[in-house]
>>> print(open('run.pdb').read())   # PDB, C-alpha atoms and all ligand atoms
ATOM      1  CA  MET A  82     219.292 -49.921  45.166  1.00  0.00           C
ATOM      2  CA  THR A  83     215.798 -50.697  43.910  1.00  0.00           C
ATOM      3  CA  PRO A  84     213.725 -53.505  45.487  1.00  0.00           C
ATOM      4  CA  GLU A  85     214.355 -55.520  42.306  1.00  0.00           C
ATOM      5  CA  GLN A  86     218.115 -55.043  42.640  1.00  0.00           C
ATOM      6  CA  ILE A  87     218.005 -56.058  46.292  1.00  0.00           C
ATOM      7  CA  GLU A  88     216.242 -59.275  45.236  1.00  0.00           C
ATOM      8  CA  ARG A  89     218.555 -59.893  42.242  1.00  0.00           C
ATOM      9  CA  TYR A  90     221.777 -59.469  44.217  1.00  0.00           C
ATOM     10  CA  LYS A  91     220.506 -61.017  47.464  1.00  0.00           C
ATOM     11  CA  ARG A  92     223.252 -63.678  47.561  1.00  0.00           C
ATOM     12  CA  HIS A  93     225.907 -60.991  47.122  1.00  0.00           C
ATOM     13  CA  LEU A  94     224.388 -58.843  49.854  1.00  0.00           C
ATOM     14  CA  LEU A  95     224.718 -61.772  52.247  1.00  0.00           C
ATOM     15  CA  VAL A  96     228.468 -62.052  51.637  1.00  0.00           C
ATOM     16  CA  LYS A  97     230.284 -60.098  54.340  1.00  0.00           C
ATOM     17  CA  GLU A  98     232.902 -58.577  52.018  1.00  0.00           C
ATOM     18  CA  ILE A  99     230.282 -57.408  49.506  1.00  0.00           C
ATOM     19  CA  GLY A 100     227.039 -56.304  51.169  1.00  0.00           C
ATOM     20  CA  GLY A 101     225.106 -53.269  49.966  1.00  0.00           C
ATOM     21  CA  SER A 102     228.115 -50.968  49.675  1.00  0.00           C
ATOM     22  CA  GLY A 103     230.098 -53.533  47.680  1.00  0.00           C
ATOM     23  CA  GLN A 104     227.213 -54.202  45.323  1.00  0.00           C
ATOM     24  CA  LYS A 105     226.857 -50.465  44.716  1.00  0.00           C
ATOM     25  CA  LYS A 106     230.588 -50.343  43.923  1.00  0.00           C
ATOM     26  CA  LEU A 107     230.116 -53.128  41.365  1.00  0.00           C
ATOM     27  CA  LEU A 108     227.121 -51.335  39.835  1.00  0.00           C
ATOM     28  CA  ASN A 109     229.227 -48.182  39.487  1.00  0.00           C
ATOM     29  CA  SER A 110     232.235 -49.995  37.977  1.00  0.00           C
ATOM     30  CA  HIS A 111     233.498 -50.163  34.415  1.00  0.00           C
ATOM     31  CA  VAL A 112     235.485 -53.151  33.155  1.00  0.00           C
ATOM     32  CA  MET A 113     237.119 -53.348  29.745  1.00  0.00           C
ATOM     33  CA  ILE A 114     237.318 -56.833  28.248  1.00  0.00           C
ATOM     34  CA  VAL A 115     239.547 -57.576  25.282  1.00  0.00           C
ATOM     35  CA  GLY A 116     238.231 -60.647  23.453  1.00  0.00           C
ATOM     36  CA  ALA A 117     234.651 -61.963  23.449  1.00  0.00           C
ATOM     37  CA  GLY A 118     235.608 -65.612  23.038  1.00  0.00           C
ATOM     38  CA  ALA A 119     236.240 -68.429  25.463  1.00  0.00           C
ATOM     39  CA  LEU A 120     237.833 -66.272  28.186  1.00  0.00           C
ATOM     40  CA  GLY A 121     236.580 -62.719  27.643  1.00  0.00           C
ATOM     41  CA  GLY A 122     233.056 -63.660  26.610  1.00  0.00           C
ATOM     42  CA  MET A 123     232.563 -66.050  29.493  1.00  0.00           C
ATOM     43  CA  ALA A 124     234.026 -63.554  31.965  1.00  0.00           C
ATOM     44  CA  ALA A 125     231.634 -60.923  30.563  1.00  0.00           C
ATOM     45  CA  LEU A 126     228.700 -63.222  31.260  1.00  0.00           C
ATOM     46  CA  SER A 127     229.855 -63.726  34.835  1.00  0.00           C
ATOM     47  CA  LEU A 128     230.517 -60.005  35.441  1.00  0.00           C
ATOM     48  CA  ALA A 129     227.151 -58.997  33.951  1.00  0.00           C
ATOM     49  CA  ALA A 130     225.347 -61.470  36.191  1.00  0.00           C
ATOM     50  CA  ALA A 131     227.273 -60.057  39.162  1.00  0.00           C
ATOM     51  CA  GLY A 132     225.978 -56.570  38.344  1.00  0.00           C
ATOM     52  CA  VAL A 133     229.169 -54.873  37.149  1.00  0.00           C
ATOM     53  CA  GLY A 134     227.534 -51.747  35.768  1.00  0.00           C
ATOM     54  CA  ARG A 135     229.506 -51.124  32.589  1.00  0.00           C
ATOM     55  CA  LEU A 136     231.312 -53.490  30.250  1.00  0.00           C
ATOM     56  CA  THR A 137     233.251 -52.433  27.160  1.00  0.00           C
ATOM     57  CA  ILE A 138     234.049 -55.455  24.999  1.00  0.00           C
ATOM     58  CA  TYR A 139     236.428 -55.533  22.028  1.00  0.00           C
ATOM     59  CA  ASP A 140     236.438 -58.324  19.433  1.00  0.00           C
ATOM     60  CA  ASP A 141     236.571 -58.327  15.627  1.00  0.00           C
ATOM     61  CA  ASP A 142     235.694 -62.009  15.176  1.00  0.00           C
ATOM     62  CA  ARG A 143     232.524 -63.881  14.245  1.00  0.00           C
ATOM     63  CA  VAL A 144     230.952 -66.897  15.935  1.00  0.00           C
ATOM     64  CA  ASP A 145     232.080 -70.142  14.325  1.00  0.00           C
ATOM     65  CA  LEU A 146     230.447 -73.530  14.791  1.00  0.00           C
ATOM     66  CA  SER A 147     233.720 -74.806  16.292  1.00  0.00           C
ATOM     67  CA  ASN A 148     233.459 -72.121  19.028  1.00  0.00           C
ATOM     68  CA  LEU A 149     230.332 -73.672  20.542  1.00  0.00           C
ATOM     69  CA  GLN A 150     232.325 -76.554  22.101  1.00  0.00           C
ATOM     70  CA  ARG A 151     233.580 -74.094  24.745  1.00  0.00           C
ATOM     71  CA  GLN A 152     232.092 -70.613  24.254  1.00  0.00           C
ATOM     72  CA  ILE A 153     228.823 -71.393  25.985  1.00  0.00           C
ATOM     73  CA  GLN A 154     227.768 -67.732  25.961  1.00  0.00           C
ATOM     74  CA  PHE A 155     226.787 -68.387  22.310  1.00  0.00           C
ATOM     75  CA  THR A 156     224.110 -70.613  20.795  1.00  0.00           C
ATOM     76  CA  ALA A 157     223.830 -72.324  17.402  1.00  0.00           C
ATOM     77  CA  ASP A 158     221.643 -69.382  16.276  1.00  0.00           C
ATOM     78  CA  ASP A 159     224.632 -67.035  16.732  1.00  0.00           C
ATOM     79  CA  VAL A 160     226.882 -68.794  14.191  1.00  0.00           C
ATOM     80  CA  ASP A 161     228.226 -66.287  11.602  1.00  0.00           C
ATOM     81  CA  ASP A 162     227.050 -63.299  13.680  1.00  0.00           C
ATOM     82  CA  THR A 163     229.674 -61.005  15.191  1.00  0.00           C
ATOM     83  CA  LYS A 164     230.839 -62.152  18.624  1.00  0.00           C
ATOM     84  CA  VAL A 165     230.286 -58.742  20.213  1.00  0.00           C
ATOM     85  CA  GLY A 166     226.811 -58.487  18.656  1.00  0.00           C
ATOM     86  CA  ALA A 167     225.740 -61.925  19.876  1.00  0.00           C
ATOM     87  CA  LEU A 168     227.274 -61.279  23.288  1.00  0.00           C
ATOM     88  CA  PHE A 169     225.521 -57.906  23.531  1.00  0.00           C
ATOM     89  CA  ARG A 170     222.152 -59.615  22.974  1.00  0.00           C
ATOM     90  CA  ARG A 171     222.975 -62.321  25.523  1.00  0.00           C
ATOM     91  CA  LEU A 172     224.090 -59.838  28.212  1.00  0.00           C
ATOM     92  CA  SER A 173     221.133 -57.534  27.572  1.00  0.00           C
ATOM     93  CA  ARG A 174     218.741 -60.405  28.214  1.00  0.00           C
ATOM     94  CA  LEU A 175     220.643 -61.350  31.349  1.00  0.00           C
ATOM     95  CA  ASN A 176     220.757 -58.051  33.229  1.00  0.00           C
ATOM     96  CA  HIS A 177     219.290 -54.639  32.387  1.00  0.00           C
ATOM     97  CA  ASP A 178     221.483 -53.056  35.074  1.00  0.00           C
ATOM     98  CA  VAL A 179     224.513 -53.512  32.840  1.00  0.00           C
ATOM     99  CA  ASP A 180     225.443 -50.970  30.193  1.00  0.00           C
ATOM    100  CA  VAL A 181     227.251 -53.010  27.518  1.00  0.00           C
ATOM    101  CA  ASN A 182     229.400 -51.264  24.932  1.00  0.00           C
ATOM    102  CA  PRO A 183     230.314 -53.757  22.180  1.00  0.00           C
ATOM    103  CA  VAL A 184     233.160 -52.682  19.884  1.00  0.00           C
ATOM    104  CA  GLN A 185     233.563 -54.784  16.766  1.00  0.00           C
ATOM    105  CA  GLU A 186     237.259 -54.128  16.361  1.00  0.00           C
ATOM    106  CA  ARG A 187     240.521 -55.623  17.461  1.00  0.00           C
ATOM    107  CA  TRP A 188     241.753 -53.569  20.443  1.00  0.00           C
ATOM    108  CA  THR A 189     244.817 -51.430  19.720  1.00  0.00           C
ATOM    109  CA  PRO A 190     246.739 -49.104  22.066  1.00  0.00           C
ATOM    110  CA  GLU A 191     245.193 -46.115  20.234  1.00  0.00           C
ATOM    111  CA  ALA A 192     241.765 -47.224  21.511  1.00  0.00           C
ATOM    112  CA  GLY A 193     242.907 -46.683  25.101  1.00  0.00           C
ATOM    113  CA  PHE A 194     240.714 -47.708  28.022  1.00  0.00           C
ATOM    114  CA  GLY A 195     238.252 -44.834  28.483  1.00  0.00           C
ATOM    115  CA  ASP A 196     237.412 -44.577  32.172  1.00  0.00           C
ATOM    116  CA  ALA A 197     237.659 -48.329  32.802  1.00  0.00           C
ATOM    117  CA  ASP A 198     238.557 -49.348  36.355  1.00  0.00           C
ATOM    118  CA  LEU A 199     240.502 -52.409  35.190  1.00  0.00           C
ATOM    119  CA  VAL A 200     241.151 -54.522  32.115  1.00  0.00           C
ATOM    120  CA  LEU A 201     240.652 -58.209  31.370  1.00  0.00           C
ATOM    121  CA  ASP A 202     242.887 -59.772  28.731  1.00  0.00           C
ATOM    122  CA  GLY A 203     240.972 -62.575  27.014  1.00  0.00           C
ATOM    123  CA  SER A 204     242.938 -62.242  23.769  1.00  0.00           C
ATOM    124  CA  ASP A 205     244.519 -65.204  22.035  1.00  0.00           C
ATOM    125  CA  ASN A 206     247.777 -63.756  20.723  1.00  0.00           C
ATOM    126  CA  PHE A 207     251.039 -62.440  22.150  1.00  0.00           C
ATOM    127  CA  PRO A 208     251.213 -59.090  20.290  1.00  0.00           C
ATOM    128  CA  THR A 209     247.872 -58.077  21.873  1.00  0.00           C
ATOM    129  CA  ARG A 210     248.919 -59.394  25.302  1.00  0.00           C
ATOM    130  CA  PHE A 211     252.171 -57.416  25.203  1.00  0.00           C
ATOM    131  CA  ALA A 212     250.414 -54.262  23.966  1.00  0.00           C
ATOM    132  CA  LEU A 213     247.736 -54.545  26.660  1.00  0.00           C
ATOM    133  CA  ASN A 214     250.393 -55.029  29.326  1.00  0.00           C
ATOM    134  CA  ALA A 215     252.397 -51.971  28.273  1.00  0.00           C
ATOM    135  CA  ALA A 216     249.302 -49.786  27.881  1.00  0.00           C
ATOM    136  CA  THR A 217     247.709 -50.745  31.212  1.00  0.00           C
ATOM    137  CA  ARG A 218     251.068 -50.215  32.954  1.00  0.00           C
ATOM    138  CA  GLU A 219     251.273 -46.770  31.396  1.00  0.00           C
ATOM    139  CA  ALA A 220     247.645 -46.000  32.307  1.00  0.00           C
ATOM    140  CA  ASN A 221     248.109 -47.248  35.886  1.00  0.00           C
ATOM    141  CA  LEU A 222     245.380 -49.875  35.476  1.00  0.00           C
ATOM    142  CA  ALA A 223     245.314 -53.418  36.843  1.00  0.00           C
ATOM    143  CA  LEU A 224     245.418 -56.162  34.210  1.00  0.00           C
ATOM    144  CA  VAL A 225     243.815 -59.584  34.693  1.00  0.00           C
ATOM    145  CA  SER A 226     245.243 -62.041  32.205  1.00  0.00           C
ATOM    146  CA  GLY A 227     244.146 -65.575  31.343  1.00  0.00           C
ATOM    147  CA  ALA A 228     245.494 -68.240  29.003  1.00  0.00           C
ATOM    148  CA  VAL A 229     244.497 -71.805  28.170  1.00  0.00           C
ATOM    149  CA  ALA A 230     245.780 -74.727  26.117  1.00  0.00           C
ATOM    150  CA  GLY A 231     244.795 -78.377  26.173  1.00  0.00           C
ATOM    151  CA  TRP A 232     244.053 -79.392  29.769  1.00  0.00           C
ATOM    152  CA  THR A 233     245.899 -76.471  31.335  1.00  0.00           C
ATOM    153  CA  GLY A 234     244.946 -72.924  32.178  1.00  0.00           C
ATOM    154  CA  GLN A 235     246.493 -70.027  34.036  1.00  0.00           C
ATOM    155  CA  THR A 236     245.452 -66.718  35.519  1.00  0.00           C
ATOM    156  CA  LEU A 237     247.715 -63.795  36.376  1.00  0.00           C
ATOM    157  CA  VAL A 238     246.979 -60.363  37.860  1.00  0.00           C
ATOM    158  CA  VAL A 239     249.606 -57.673  37.272  1.00  0.00           C
ATOM    159  CA  ASN A 240     250.185 -53.927  37.184  1.00  0.00           C
ATOM    160  CA  LYS A 241     248.994 -52.924  40.633  1.00  0.00           C
ATOM    161  CA  PRO A 242     248.083 -49.252  40.325  1.00  0.00           C
ATOM    162  CA  GLY A 243     250.639 -47.013  42.000  1.00  0.00           C
ATOM    163  CA  ASP A 244     253.101 -49.819  42.757  1.00  0.00           C
ATOM    164  CA  ALA A 245     256.333 -49.460  40.744  1.00  0.00           C
ATOM    165  CA  TYR A 246     257.612 -52.741  42.198  1.00  0.00           C
ATOM    166  CA  CYS A 247     254.662 -54.863  41.057  1.00  0.00           C
ATOM    167  CA  PRO A 248     255.643 -57.252  38.247  1.00  0.00           C
ATOM    168  CA  CYS A 249     254.021 -56.876  34.833  1.00  0.00           C
ATOM    169  CA  TYR A 250     252.996 -59.511  32.273  1.00  0.00           C
ATOM    170  CA  GLN A 251     256.303 -59.163  30.462  1.00  0.00           C
ATOM    171  CA  CYS A 252     258.276 -59.921  33.623  1.00  0.00           C
ATOM    172  CA  PHE A 253     256.581 -63.292  33.295  1.00  0.00           C
ATOM    173  CA  VAL A 254     256.738 -63.698  29.487  1.00  0.00           C
ATOM    174  CA  PRO A 255     259.719 -61.601  28.277  1.00  0.00           C
ATOM    175  CA  SER A 256     259.126 -62.409  24.601  1.00  0.00           C
ATOM    176  CA  GLU A 257     256.834 -64.515  22.467  1.00  0.00           C
ATOM    177  CA  PRO A 258     257.638 -68.189  23.144  1.00  0.00           C
ATOM    178  CA  PRO A 259     259.087 -69.840  20.000  1.00  0.00           C
ATOM    179  CA  GLN A 260     256.560 -72.679  20.063  1.00  0.00           C
ATOM    180  CA  ALA A 261     253.634 -70.406  20.913  1.00  0.00           C
ATOM    181  CA  GLY A 262     250.337 -71.690  19.661  1.00  0.00           C
ATOM    182  CA  ASP A 263     246.745 -70.943  20.532  1.00  0.00           C
ATOM    183  CA  CYS A 264     243.741 -73.201  20.879  1.00  0.00           C
ATOM    184  CA  ASN A 265     243.305 -73.142  17.092  1.00  0.00           C
ATOM    185  CA  ASP A 266     246.282 -75.445  16.744  1.00  0.00           C
ATOM    186  CA  LEU A 267     246.672 -76.870  20.262  1.00  0.00           C
ATOM    187  CA  GLY A 268     243.088 -77.727  21.137  1.00  0.00           C
ATOM    188  CA  VAL A 269     241.501 -76.972  24.483  1.00  0.00           C
ATOM    189  CA  LEU A 270     238.772 -78.265  26.767  1.00  0.00           C
ATOM    190  CA  GLY A 271     235.769 -76.042  27.320  1.00  0.00           C
ATOM    191  CA  ALA A 272     235.789 -76.894  31.008  1.00  0.00           C
ATOM    192  CA  ILE A 273     239.305 -75.395  31.303  1.00  0.00           C
ATOM    193  CA  THR A 274     238.369 -72.168  29.497  1.00  0.00           C
ATOM    194  CA  GLN A 275     235.288 -71.792  31.704  1.00  0.00           C
ATOM    195  CA  LEU A 276     237.367 -72.362  34.842  1.00  0.00           C
ATOM    196  CA  ILE A 277     239.929 -69.735  33.867  1.00  0.00           C
ATOM    197  CA  ALA A 278     237.245 -67.251  32.725  1.00  0.00           C
ATOM    198  CA  SER A 279     235.622 -67.707  36.105  1.00  0.00           C
ATOM    199  CA  GLN A 280     238.939 -67.027  37.896  1.00  0.00           C
ATOM    200  CA  MET A 281     239.385 -63.868  35.792  1.00  0.00           C
ATOM    201  CA  SER A 282     235.893 -62.711  36.707  1.00  0.00           C
ATOM    202  CA  LEU A 283     236.567 -63.452  40.358  1.00  0.00           C
ATOM    203  CA  ALA A 284     239.841 -61.498  40.305  1.00  0.00           C
ATOM    204  CA  ALA A 285     238.052 -58.552  38.664  1.00  0.00           C
ATOM    205  CA  ILE A 286     235.306 -58.526  41.290  1.00  0.00           C
ATOM    206  CA  ARG A 287     237.901 -58.794  44.059  1.00  0.00           C
ATOM    207  CA  LEU A 288     239.759 -55.751  42.692  1.00  0.00           C
ATOM    208  CA  LEU A 289     236.617 -53.707  42.061  1.00  0.00           C
ATOM    209  CA  LEU A 290     235.722 -54.203  45.722  1.00  0.00           C
ATOM    210  CA  THR A 291     239.291 -53.805  47.030  1.00  0.00           C
ATOM    211  CA  PRO A 292     241.690 -52.278  44.453  1.00  0.00           C
ATOM    212  CA  ASP A 293     244.826 -53.034  46.508  1.00  0.00           C
ATOM    213  CA  ALA A 294     243.823 -56.630  47.359  1.00  0.00           C
ATOM    214  CA  ASP A 295     246.846 -58.896  47.740  1.00  0.00           C
ATOM    215  CA  ILE A 296     246.361 -60.863  44.522  1.00  0.00           C
ATOM    216  CA  PHE A 297     248.980 -59.240  42.274  1.00  0.00           C
ATOM    217  CA  GLY A 298     252.057 -60.961  40.851  1.00  0.00           C
ATOM    218  CA  ARG A 299     250.809 -64.473  41.490  1.00  0.00           C
ATOM    219  CA  LEU A 300     250.498 -67.000  38.687  1.00  0.00           C
ATOM    220  CA  MET A 301     247.715 -69.521  39.268  1.00  0.00           C
ATOM    221  CA  VAL A 302     248.081 -72.654  37.152  1.00  0.00           C
ATOM    222  CA  PHE A 303     245.472 -75.395  36.953  1.00  0.00           C
ATOM    223  CA  GLU A 304     246.386 -78.717  35.376  1.00  0.00           C
ATOM    224  CA  GLY A 305     243.213 -80.595  34.458  1.00  0.00           C
ATOM    225  CA  LEU A 306     244.719 -84.009  33.742  1.00  0.00           C
ATOM    226  CA  SER A 307     245.914 -84.396  37.325  1.00  0.00           C
ATOM    227  CA  MET A 308     243.294 -81.997  38.765  1.00  0.00           C
ATOM    228  CA  GLN A 309     246.084 -80.117  40.529  1.00  0.00           C
ATOM    229  CA  SER A 310     246.665 -76.421  40.899  1.00  0.00           C
ATOM    230  CA  ARG A 311     249.709 -74.475  41.951  1.00  0.00           C
ATOM    231  CA  VAL A 312     250.483 -70.851  42.684  1.00  0.00           C
ATOM    232  CA  VAL A 313     253.806 -69.252  41.802  1.00  0.00           C
ATOM    233  CA  ARG A 314     254.872 -65.867  43.186  1.00  0.00           C
ATOM    234  CA  LEU A 315     256.439 -63.858  40.388  1.00  0.00           C
ATOM    235  CA  PRO A 316     259.219 -61.413  41.134  1.00  0.00           C
ATOM    236  CA  GLN A 317     259.670 -58.273  39.071  1.00  0.00           C
ATOM    237  CA  ASP A 318     262.262 -58.839  36.326  1.00  0.00           C
ATOM    238  CA  PRO A 319     265.092 -56.348  36.976  1.00  0.00           C
ATOM    239  CA  ASP A 320     265.670 -56.184  33.187  1.00  0.00           C
ATOM    240  CA  CYS A 321     262.006 -55.890  32.171  1.00  0.00           C
ATOM    241  CA  PRO A 322     261.687 -53.335  29.358  1.00  0.00           C
ATOM    242  CA  ILE A 323     258.140 -52.389  30.400  1.00  0.00           C
ATOM    243  CA  CYS A 324     258.067 -51.916  34.159  1.00  0.00           C
ATOM    244  CA  LYS A 325     261.768 -51.239  35.000  1.00  0.00           C
ATOM    245  CA  SER A 326     262.544 -48.022  33.151  1.00  0.00           C
TER     246      SER A 326
HETATM  247 ZN    ZN B 401     257.751 -56.076  33.891  1.00  0.00          ZN
END
>>> encode(input="run.pdb", output="structure tokens", more="lines below")
Ligand SMILES: [Zn+2]
Amino acid sequence: MTPEQIERYKRHLLVKEIGGSGQKKLLNSHVMIVGAGALGGMAALSLAAAGVGRLTIYDDDRVDLSNLQRQIQFTADDVDDTKVGALFRRLSRLNHDVDVNPVQERWTPEAGFGDADLVLDGSDNFPTRFALNAATREANLALVSGAVAGWTGQTLVVNKPGDAYCPCYQCFVPSEPPQAGDCNDLGVLGAITQLIASQMSLAAIRLLLTPDADIFGRLMVFEGLSMQSRVVRLPQDPDCPICKS
């Protein structure tokens, strides 16, 4: 590492589980992020600051004034610009160590994952979540998933590479819930999206440092009204169409 990097990442270097070798791992890592909005965009900001060396970010949306209530990676000057374009500028100003690849498209399975080490799902719809789950399972890549609505948020890490018995996202959500809505019609607090984005970033860093860390198959739910959190261990669904073939 350069003297500037040693200064920049000093607080990481002091953490026992990171240190110089861990920081070098982060600098040599590649994370794919699907969605540049409240979850993916915020997680990208956190991962770029942490010195994750490469970020590929998919999003086909533009910054709307109503996004600024929670998507604090954007400013009022970004309204109407593409989300990936505005995020690219923001991340470039934050950390030159990070190679950011913005893709102004909706991710599809045909896009694949390149040589990404793991994938963050910050999408806002079930078809994309299901497709990402199936494709990461197939590609033997860990998937960090986040979801928010109202005062509640949840984080889930699935698809442990090489572990056929690890549950997948669809063990947890077998099909699209009938009353499924997103924050466009349910509303959401920015503080909840930032909390969950931060948990997703933390899970990614944990796995980049230790790929087999014991954080898979656990649903973390935070309920903001009561300020309570709970953790639920998810078993693999014996009838899951994705991971039990
Ligand atoms: Zn499954």
>>> closest_atom_pairs(input="run.pdb", of="chain A", to="ligand ZN 401 (chain B)", cutoff="9 Å", atoms="all atoms listed in the file", output="tab-separated table")
residue	atom	partner	partner_atom	distance
A:Asn214	CA	B:ZN401	ZN	8.7
A:Ala215	CA	B:ZN401	ZN	8.8
A:Arg218	CA	B:ZN401	ZN	8.9
A:Val239	CA	B:ZN401	ZN	9.0
A:Asn240	CA	B:ZN401	ZN	8.5
A:Tyr246	CA	B:ZN401	ZN	9.0
A:Cys247	CA	B:ZN401	ZN	7.9
A:Pro248	CA	B:ZN401	ZN	5.0
A:Cys249	CA	B:ZN401	ZN	3.9
A:Tyr250	CA	B:ZN401	ZN	6.1
A:Gln251	CA	B:ZN401	ZN	4.8
A:Cys252	CA	B:ZN401	ZN	3.9
A:Phe253	CA	B:ZN401	ZN	7.3
A:Val254	CA	B:ZN401	ZN	8.9
A:Pro255	CA	B:ZN401	ZN	8.1
A:Gln317	CA	B:ZN401	ZN	5.9
A:Asp318	CA	B:ZN401	ZN	5.8
A:Pro319	CA	B:ZN401	ZN	8.0
A:Asp320	CA	B:ZN401	ZN	8.0
A:Cys321	CA	B:ZN401	ZN	4.6
A:Pro322	CA	B:ZN401	ZN	6.6
A:Ile323	CA	B:ZN401	ZN	5.1
A:Cys324	CA	B:ZN401	ZN	4.2
A:Lys325	CA	B:ZN401	ZN	6.4
>>> resolve_selection(input="run.pdb", expression="the PyMOL selection byres (((chain A and resi 145) around 10) and not hetatm)", output="list in words")
Asp142, Arg143, Val144, Leu146, Ser147, Asn148, Leu149, Gln152, Phe155, Ala157, Asp159, Val160, Asp161, Asp162, Thr163 and Lys164 of chain A
>>> closest_residue(input="run.pdb", among="A:Glu186, A:Ala284, A:Gly243, A:Ser256", to="Phe211 of chain A", atoms="all atoms listed in the file")
A:Ser256
>>> resolve_selection(input="run.pdb", expression="the PyMOL selection byres (((chain A and resi 228) around 8) and not hetatm)", output="ChimeraX atom specification")
/A:120,203,205,226-227,229-230,234-236,277
>>> residues_around(input="run.pdb", residues="segment 100-111 of chain A", least_positions_apart="6", cutoff="7 Å", atoms="all atoms listed in the file", output="list in words")
His93, Leu94, Gly132, Val133, Gly134, Arg135, Leu136, Ala197, Asp198, Leu289 and Leu290 of chain A
>>> closest_residue(input="run.pdb", among="A:Gly298, A:Gly121, A:Pro258, A:Gly231", to="Ile138 of chain A", atoms="all atoms listed in the file")
A:Gly121
